[in-house]
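Engineer: model33.txt is the file, holding compact mmCIF, C-alpha atoms:
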```
# COMPACT_ATOMS: atom_id res chain seq x y z
CA MET A 27 0.00 0.00 0.00
CA LEU A 28 1.13 3.56 -0.67
CA GLU A 29 0.43 6.39 1.76
CA VAL A 30 -0.83 9.28 -0.34
CA GLY A 31 -1.55 11.97 2.23
CA LYS A 32 -3.87 13.04 4.99
CA ASN A 33 -6.98 13.75 2.92
CA GLN A 34 -6.60 11.05 0.31
CA GLU A 35 -7.43 7.37 0.42
CA GLU A 36 -4.81 4.68 0.16
CA VAL A 37 -4.39 3.06 -3.23
CA SER A 38 -3.18 -0.40 -4.10
CA ILE A 39 0.19 -0.56 -5.82
CA MET A 40 0.86 -3.27 -8.41
CA ILE A 41 4.08 -4.35 -10.10
CA LYS A 42 4.58 -5.37 -13.71
CA LYS A 43 7.82 -6.40 -15.41
CA ILE A 44 8.47 -4.47 -18.63
CA ASN A 45 11.77 -4.79 -20.52
CA GLY A 46 13.17 -6.67 -17.52
CA LEU A 47 12.32 -3.83 -15.11
CA ASN A 48 9.83 -3.95 -12.25
CA ILE A 49 7.36 -1.11 -12.86
CA ASN A 50 5.11 0.18 -10.07
CA TYR A 51 1.65 1.26 -11.16
CA ILE A 52 -1.93 1.83 -10.06
CA VAL A 53 -5.27 1.37 -11.84
CA GLU A 54 -8.31 3.28 -10.59
CA GLY A 55 -11.89 3.37 -11.86
CA GLN A 56 -13.77 1.92 -14.83
CA GLY A 57 -14.44 3.17 -18.35
CA GLU A 58 -12.29 4.39 -21.22
CA PRO A 59 -8.56 4.18 -20.39
CA ILE A 60 -6.39 7.17 -19.53
CA MET A 61 -2.61 7.10 -19.02
CA VAL A 62 -1.25 9.67 -16.54
CA LEU A 63 2.51 10.25 -16.78
CA HIS A 64 4.45 12.19 -14.14
CA GLY A 65 7.38 14.57 -14.54
CA TRP A 66 11.11 14.10 -14.01
CA GLY A 67 12.03 13.42 -10.39
CA CYS A 68 8.38 12.75 -9.50
CA ASN A 69 6.22 9.64 -9.09
CA ILE A 70 2.64 8.40 -8.79
CA ASN A 71 2.07 10.56 -5.71
CA THR A 72 2.51 13.79 -7.65
CA VAL A 73 -0.29 12.95 -10.11
CA LEU A 74 -2.78 11.36 -7.71
CA SER A 75 -4.85 14.54 -7.73
CA ILE A 76 -5.33 14.06 -11.49
CA VAL A 77 -6.22 10.38 -11.01
CA ASN A 78 -8.82 11.34 -8.41
CA ILE A 79 -10.52 13.80 -10.79
CA LEU A 80 -11.05 11.12 -13.41
CA LYS A 81 -11.46 7.76 -11.71
CA ASP A 82 -15.24 8.11 -11.27
CA ARG A 83 -15.77 7.74 -15.05
CA PHE A 84 -12.51 6.54 -16.60
CA LYS A 85 -10.09 3.68 -16.05
CA VAL A 86 -6.99 5.61 -15.01
CA TYR A 87 -3.47 4.20 -15.11
CA ALA A 88 -0.55 5.94 -13.38
CA LEU A 89 2.91 4.43 -13.19
CA ASP A 90 6.25 5.22 -11.64
CA LEU A 91 8.42 5.63 -14.73
CA PRO A 92 11.67 3.60 -14.59
CA GLY A 93 14.09 5.11 -12.08
CA PHE A 94 11.40 7.05 -10.20
CA GLY A 95 9.24 6.22 -7.22
CA GLU A 96 9.39 2.50 -6.58
CA SER A 97 10.13 1.41 -10.15
CA GLU A 98 13.53 -0.04 -11.02
CA GLU A 99 16.21 2.07 -12.66
CA PRO A 100 17.10 1.22 -16.26
CA LYS A 101 20.19 -0.97 -16.44
CA GLU A 102 21.73 1.20 -19.15
CA PRO A 103 21.37 4.82 -20.29
CA ILE A 104 18.18 5.33 -22.30
CA GLY A 105 16.41 8.33 -23.77
CA SER A 106 12.82 9.50 -23.95
CA PHE A 107 12.02 7.31 -26.95
CA GLU A 108 12.97 4.21 -24.97
CA TYR A 109 10.82 5.45 -22.07
CA ALA A 110 7.90 5.84 -24.49
CA GLU A 111 8.51 2.30 -25.74
CA ILE A 112 8.18 1.06 -22.15
CA VAL A 113 4.87 2.91 -21.82
CA LYS A 114 3.71 1.32 -25.08
CA LYS A 115 4.65 -2.18 -23.89
CA PHE A 116 2.91 -1.51 -20.57
CA MET A 117 -0.29 -0.71 -22.44
CA ILE A 118 -0.05 -3.81 -24.60
CA ASP A 119 0.53 -5.97 -21.53
CA GLU A 120 -2.54 -4.42 -19.89
CA GLY A 121 -4.62 -4.99 -23.00
CA VAL A 122 -5.08 -1.26 -23.59
CA GLU A 123 -5.37 -0.69 -27.33
CA LYS A 124 -5.95 3.07 -27.22
CA ALA A 125 -5.97 5.65 -24.43
CA ASP A 126 -6.04 9.33 -23.61
CA PHE A 127 -2.69 10.65 -22.37
CA ILE A 128 -2.14 13.23 -19.65
CA GLY A 129 1.51 14.12 -19.18
CA HIS A 130 3.20 16.64 -16.92
CA SER A 131 6.69 17.90 -17.83
CA PHE A 132 8.74 14.79 -18.73
CA GLY A 133 5.47 12.85 -18.88
CA GLY A 134 4.28 15.39 -21.45
CA LYS A 135 7.37 14.72 -23.50
CA LEU A 136 6.56 11.02 -23.53
CA SER A 137 2.97 11.85 -24.52
CA ILE A 138 4.30 13.82 -27.50
CA ILE A 139 6.34 10.81 -28.60
CA MET A 140 3.37 8.48 -28.18
CA GLY A 141 1.14 10.82 -30.22
CA SER A 142 3.73 11.06 -32.98
CA LYS A 143 5.16 7.54 -33.14
CA TYR A 144 2.16 5.46 -32.08
CA PRO A 145 -0.90 7.48 -33.17
CA ASP A 146 -3.17 4.43 -33.28
CA MET A 147 -2.69 4.05 -29.52
CA VAL A 148 -3.57 7.66 -28.66
CA ASN A 149 -7.03 9.20 -28.45
CA LYS A 150 -6.58 12.64 -26.85
CA ILE A 151 -3.54 14.30 -25.28
CA VAL A 152 -3.22 16.75 -22.41
CA LEU A 153 0.21 18.40 -22.11
CA ILE A 154 0.84 20.13 -18.77
CA ASP A 155 3.93 22.38 -18.67
CA SER A 156 5.48 19.84 -21.00
CA ALA A 157 9.14 19.21 -21.70
CA GLY A 158 10.30 18.40 -25.20
CA LEU A 159 11.83 21.59 -26.60
CA ILE A 160 15.40 22.79 -26.26
CA PRO A 161 15.45 26.14 -24.37
CA LYS A 162 16.53 29.30 -26.15
CA ARG A 163 20.25 29.71 -25.59
CA GLY A 164 21.64 33.21 -25.54
CA PRO A 165 25.06 34.53 -24.46
CA LYS A 166 24.31 34.03 -20.74
CA TYR A 167 23.71 30.33 -21.34
CA TYR A 168 27.07 29.84 -23.06
CA ILE A 169 28.85 31.82 -20.35
CA ARG A 170 27.32 29.48 -17.75
CA VAL A 171 28.33 26.41 -19.79
CA TYR A 172 31.90 27.65 -20.20
CA SER A 173 32.15 28.44 -16.47
CA PHE A 174 30.70 25.03 -15.60
CA LYS A 175 33.20 23.20 -17.81
CA THR A 176 36.09 25.25 -16.44
CA LEU A 177 35.13 24.48 -12.84
CA ARG A 178 34.69 20.80 -13.71
CA PHE A 179 38.19 20.73 -15.20
CA ILE A 180 39.61 22.31 -12.03
CA TYR A 181 37.83 19.81 -9.75
CA LYS A 182 38.90 16.89 -11.92
CA ASN A 183 42.58 17.81 -12.18
CA PHE A 184 43.58 19.82 -9.11
CA PHE A 185 41.77 18.32 -6.11
CA PHE A 186 43.97 15.23 -6.45
CA TRP A 187 43.94 14.41 -2.72
CA ILE A 188 40.21 13.55 -2.96
CA LYS A 189 39.15 10.29 -4.61
CA ASN A 190 37.83 10.95 -8.11
CA ASP A 191 34.26 9.73 -7.50
CA LYS A 192 33.93 11.80 -4.29
CA ARG A 193 35.63 14.74 -5.99
CA MET A 194 33.12 14.82 -8.85
CA GLU A 195 30.19 14.17 -6.52
CA LYS A 196 31.24 17.27 -4.55
CA PHE A 197 31.50 19.25 -7.78
CA TYR A 198 28.03 18.32 -9.04
CA LYS A 199 26.53 18.90 -5.60
CA ASN A 200 27.89 22.44 -5.66
CA PHE A 201 27.42 23.40 -9.30
CA GLY A 202 25.03 20.96 -11.02
CA SER A 203 21.39 21.72 -11.84
CA ASP A 204 18.74 20.79 -9.28
CA ASP A 205 17.67 17.77 -11.33
CA TYR A 206 21.27 16.67 -11.67
CA LYS A 207 21.95 17.11 -7.95
CA ASN A 208 18.88 15.06 -7.11
CA SER A 209 19.82 12.25 -9.50
CA THR A 210 22.46 9.62 -8.93
CA GLY A 211 24.30 7.00 -10.95
CA MET A 212 22.39 5.78 -13.97
CA MET A 213 19.69 8.45 -13.72
CA ARG A 214 22.30 11.20 -14.13
CA LYS A 215 23.46 9.61 -17.38
CA ILE A 216 19.85 9.39 -18.54
CA LEU A 217 19.20 13.01 -17.59
CA VAL A 218 22.09 14.16 -19.79
CA ILE A 219 20.47 12.33 -22.72
CA VAL A 220 16.89 13.53 -22.24
CA VAL A 221 17.67 17.23 -21.67
CA ASN A 222 19.43 17.38 -25.03
CA GLU A 223 16.53 15.90 -27.03
CA ASN A 224 14.46 18.25 -29.16
CA LEU A 225 11.00 17.00 -30.18
CA LYS A 226 9.94 20.07 -32.16
CA ASP A 227 9.87 18.16 -35.47
CA LEU A 228 7.49 15.61 -33.97
CA LEU A 229 4.86 18.16 -32.99
CA LYS A 230 3.52 18.69 -36.51
CA THR A 231 2.96 14.93 -36.92
CA ILE A 232 0.56 14.67 -33.95
CA LYS A 233 -3.02 14.14 -35.13
CA ALA A 234 -4.72 13.62 -31.76
CA PRO A 235 -6.74 16.51 -30.30
CA THR A 236 -4.37 18.13 -27.80
CA LEU A 237 -5.04 20.39 -24.84
CA ILE A 238 -2.02 22.39 -23.66
CA ILE A 239 -2.13 23.68 -20.07
CA TRP A 240 0.59 26.02 -18.80
CA GLY A 241 1.48 28.29 -15.92
CA ASP A 242 2.51 31.76 -17.03
CA GLN A 243 5.13 31.82 -14.24
CA ASP A 244 6.71 28.49 -15.25
CA MET A 245 10.48 28.95 -15.05
CA ASP A 246 11.39 25.33 -15.95
CA THR A 247 9.53 25.14 -19.26
CA PRO A 248 8.78 28.82 -20.07
CA LEU A 249 5.49 29.89 -21.61
CA TYR A 250 6.95 30.51 -25.07
CA MET A 251 7.32 26.72 -25.35
CA ALA A 252 3.56 26.35 -24.94
CA HIS A 253 2.96 28.79 -27.79
CA THR A 254 5.39 26.82 -29.98
CA MET A 255 3.54 23.59 -29.24
CA GLU A 256 0.16 25.19 -29.95
CA LYS A 257 1.46 26.49 -33.29
CA GLU A 258 3.02 23.18 -34.37
CA ILE A 259 0.32 20.72 -33.21
CA GLN A 260 -2.47 21.11 -35.73
CA ASP A 261 -5.48 20.22 -33.54
CA SER A 262 -4.50 21.93 -30.30
CA GLY A 263 -5.56 24.66 -27.92
CA LEU A 264 -3.70 26.45 -25.13
CA VAL A 265 -5.04 27.40 -21.70
CA VAL A 266 -2.74 29.58 -19.58
CA PHE A 267 -3.14 29.74 -15.80
CA GLU A 268 -2.16 33.16 -14.50
CA GLY A 269 0.14 33.12 -11.49
CA ALA A 270 0.83 29.39 -11.80
CA GLY A 271 4.26 27.81 -12.13
CA HIS A 272 5.63 24.54 -13.46
CA TYR A 273 3.07 22.55 -11.47
CA SER A 274 0.16 24.55 -12.86
CA TYR A 275 -2.32 21.72 -12.30
CA LEU A 276 -1.64 21.98 -8.56
CA ASP A 277 -1.24 25.76 -8.40
CA ASP A 278 -4.73 26.32 -9.84
CA PHE A 279 -6.37 22.97 -9.21
CA ASN A 280 -10.00 24.11 -9.50
CA LYS A 281 -9.44 25.67 -12.91
CA PHE A 282 -7.45 22.63 -14.01
CA ARG A 283 -10.26 20.29 -13.00
CA ALA A 284 -12.85 22.35 -14.88
CA VAL A 285 -10.78 22.61 -18.05
CA ILE A 286 -9.77 18.96 -18.17
CA ASN A 287 -13.32 17.75 -17.52
CA VAL A 288 -14.67 19.78 -20.45
CA PHE A 289 -11.91 18.53 -22.76
CA LEU A 290 -12.15 14.83 -21.90
CA ASN A 291 -15.92 14.62 -21.58
CA GLY A 292 -16.55 16.23 -24.96
CA ARG A 293 -15.56 13.14 -26.88
```
If you took the structure in this file and wrote it as structure tokens, what would it be?
Structural biologist:
Amino acid sequence: MLEVGKNQEEVSIMIKKINGLNINYIVEGQGEPIMVLHGWGCNINTVLSIVNILKDRFKVYALDLPGFGESEEPKEPIGSFEYAEIVKKFMIDEGVEKADFIGHSFGGKLSIIMGSKYPDMVNKIVLIDSAGLIPKRGPKYYIRVYSFKTLRFIYKNFFFWIKNDKRMEKFYKNFGSDDYKNSTGMMRKILVIVVNENLKDLLKTIKAPTLIIWGDQDMDTPLYMAHTMEKEIQDSGLVVFEGAGHYSYLDDFNKFRAVINVFLNGR
């Protein structure tokens, strides 16, 4: 059983082996299937509020993606396309031929891949503050990169009295991004792969009706990315939550619930 918080019921956790990895997941409700995919560094817990909105009329699946929550880490570095393949195999194993997809951040990125590469398995898509585009990189970005590489060189070559693994761990703890600091081992290698993927060319190939939900104060995936996705995905619409950040569905939960109910119920 998984403890999900003071005001929420407990849910039963199940395990399924996909590509040799034990994957934690839950299934709630009855009806047409919906896949709910969480963001990087998150897990089932962070999307339970979405599950609870929908489980009274849909069959809702939420899983800990490999390396997050209670699911096993991949045994080798993989990218987002391999993650999407795992989601596809999960659906096949569950007997789900076609589903709606709701993806937050990294989960949105996987939903984009599913909509592009496996359109016959996707009904509707909801992208919430989705990853998938390479950020705009101006002079400040390249200054930061140069400084980062210089500091890494110094740590690697001059702090010789510290063992190399501890030396680099200290470096990344001090200077790495928050996601990098919070990742270890294999997941750091995977993070390096996924942050350098650009899915822009896939957007125009998505045929599924797509709702894009974004916080105008999102600093992780800035609002201009939402406008790019709306422009490139042919059957899409954008709803912006004022004052909300990267977790817009939590920051303005009542509005999120209203918008998503209209979109999914108008089939």
Engineer: Which residues are close to segment 94-105 of chain A, i.e. within 10 Å by all atoms listed in the file, leaving aside same-chain residues fewer than 2 positions away? Reply as JSON, numbers by chain.
Structural biologist: {"A": [39, 41, 42, 43, 45, 46, 47, 48, 49, 50, 51, 64, 65, 66, 67, 68, 69, 70, 71, 89, 90, 91, 92, 107, 108, 109, 110, 209, 211, 212, 213, 214, 215, 216, 217, 218, 219, 220, 221, 222, 223]}
Engineer: With distances taken over only C-alpha atoms, which of A:Val113, A:Ile138, A:Leu228, A:Leu237 is nearest to Leu290 of chain A?
Structural biologist: A:Leu237
Engineer: Which residue gives the smallest distance to Val148 of chain A among A:Val77, A:Ile60, A:Ile238, A:Leu229, with all atoms listed in the file counted?
Structural biologist: A:Ile60
Engineer: Which distance in Å separates atom CA of Asn280 of chain A and atom CA of Val73 of chain A, to one decimal?
Structural biologist: 14.8 Å
Engineer: Which one of A:Asp82, A:Asp227, A:Asp244, A:Asp155 sits closest to Ile259 of chain A if you count only C-alpha atoms?
Structural biologist: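 Closest residue, counting only C-alpha atoms: A:Asp227.
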Engineer: Which neighbours of Pro145 of chain A fall inside 9 Å, counting all atoms listed in the file, when residues of the same chain fewer than 5 positions from it are skipped, and could you give them as a ChimeraX atom specification?
Structural biologist: /A:124,140,232-234
Engineer: Quote the spacing between atom CA of Thr236 of chain A and atom CA of Asp119 of chain A in Å to one decimal place.
Structural biologist: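 Value for the atom CA of Thr236 of chain A-atom CA of Asp119 of chain A distance: 25.4 Å.
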Engineer: Of the candidates A:Gln56, A:Asn291, A:Ser131, A:Ser38, which one gets nearest to Thr72 of chain A if we count only C-alpha atoms?
Structural biologist: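 Nearest to Thr72 of chain A: A:Ser131.
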Engineer: Could you jot down the atom CA of Gly241 of chain A to atom CA of Tyr275 of chain A separation for me, Å, one decimal place?
Structural biologist: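 Atom CA of Tyr275 of chain A lies at a distance of 8.4 Å from atom CA of Gly241 of chain A.
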Engineer: Taking all atoms listed in the file into account, name the residue in A:Glu268, A:Glu58, A:Glu258, A:Glu120 that is nearest to Phe84 of chain A.
Structural biologist: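 Selected residue with least distance to Phe84 of chain A: A:Glu58.
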Engineer: Please provide as a PyMOL selection string all residues within 7 Å of Ala88 of chain A, with the sequence filter that same-chain residues fewer than 4 positions apart are discarded (counting all atoms listed in the file).
Structural biologist: chain A and resi 51-53+61-63+70
Engineer: Those residues with C-alpha atoms, as a short mmCIF file (atom, residue, chain, number, x, y, z; two decimals), keeping the file's coordinate frame please?
Structural biologist:
```cif
data_model
loop_
_atom_site.label_atom_id
_atom_site.label_comp_id
_atom_site.auth_asym_id
_atom_site.auth_seq_id
_atom_site.Cartn_x
_atom_site.Cartn_y
_atom_site.Cartn_z
CA TYR A 51 1.65 1.26 -11.16
CA ILE A 52 -1.93 1.83 -10.06
CA VAL A 53 -5.27 1.37 -11.84
CA MET A 61 -2.61 7.10 -19.02
CA VAL A 62 -1.25 9.67 -16.54
CA LEU A 63 2.51 10.25 -16.78
CA ILE A 70 2.64 8.40 -8.79
#
```
Engineer: Select, from A:Ser137, A:Asn224, A:Thr254, A:Ser274, the residue with the minimum atom-to-atom distance to Ile151 of chain A, counting only C-alpha atoms.
Structural biologist: A:Ser137
Engineer: Using only C-alpha atoms, which protein or nucleic acid residues come within 7 Å of Arg83 of chain A? Drop anything in the same chain fewer than 2 positions from it, and give the result as a list in words.
Structural biologist: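 Near Arg83 of chain A, the qualifying residues are Gly55, Gln56, Gly57, Leu80 and Lys81 of chain A.
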Engineer: If we count only C-alpha atoms, what is near Glu111 of chain A at a cut-off of 10 Å, once residues fewer than 5 positions away on the same chain are taken out, given as a list of chain:residue names?
Structural biologist: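 Final neighbour list, sorted by chain and number: A:Ile44, A:Asn45, A:Ser106, A:Phe116, A:Met117, A:Leu136, A:Ile139, A:Met140, A:Lys143, A:Tyr144.
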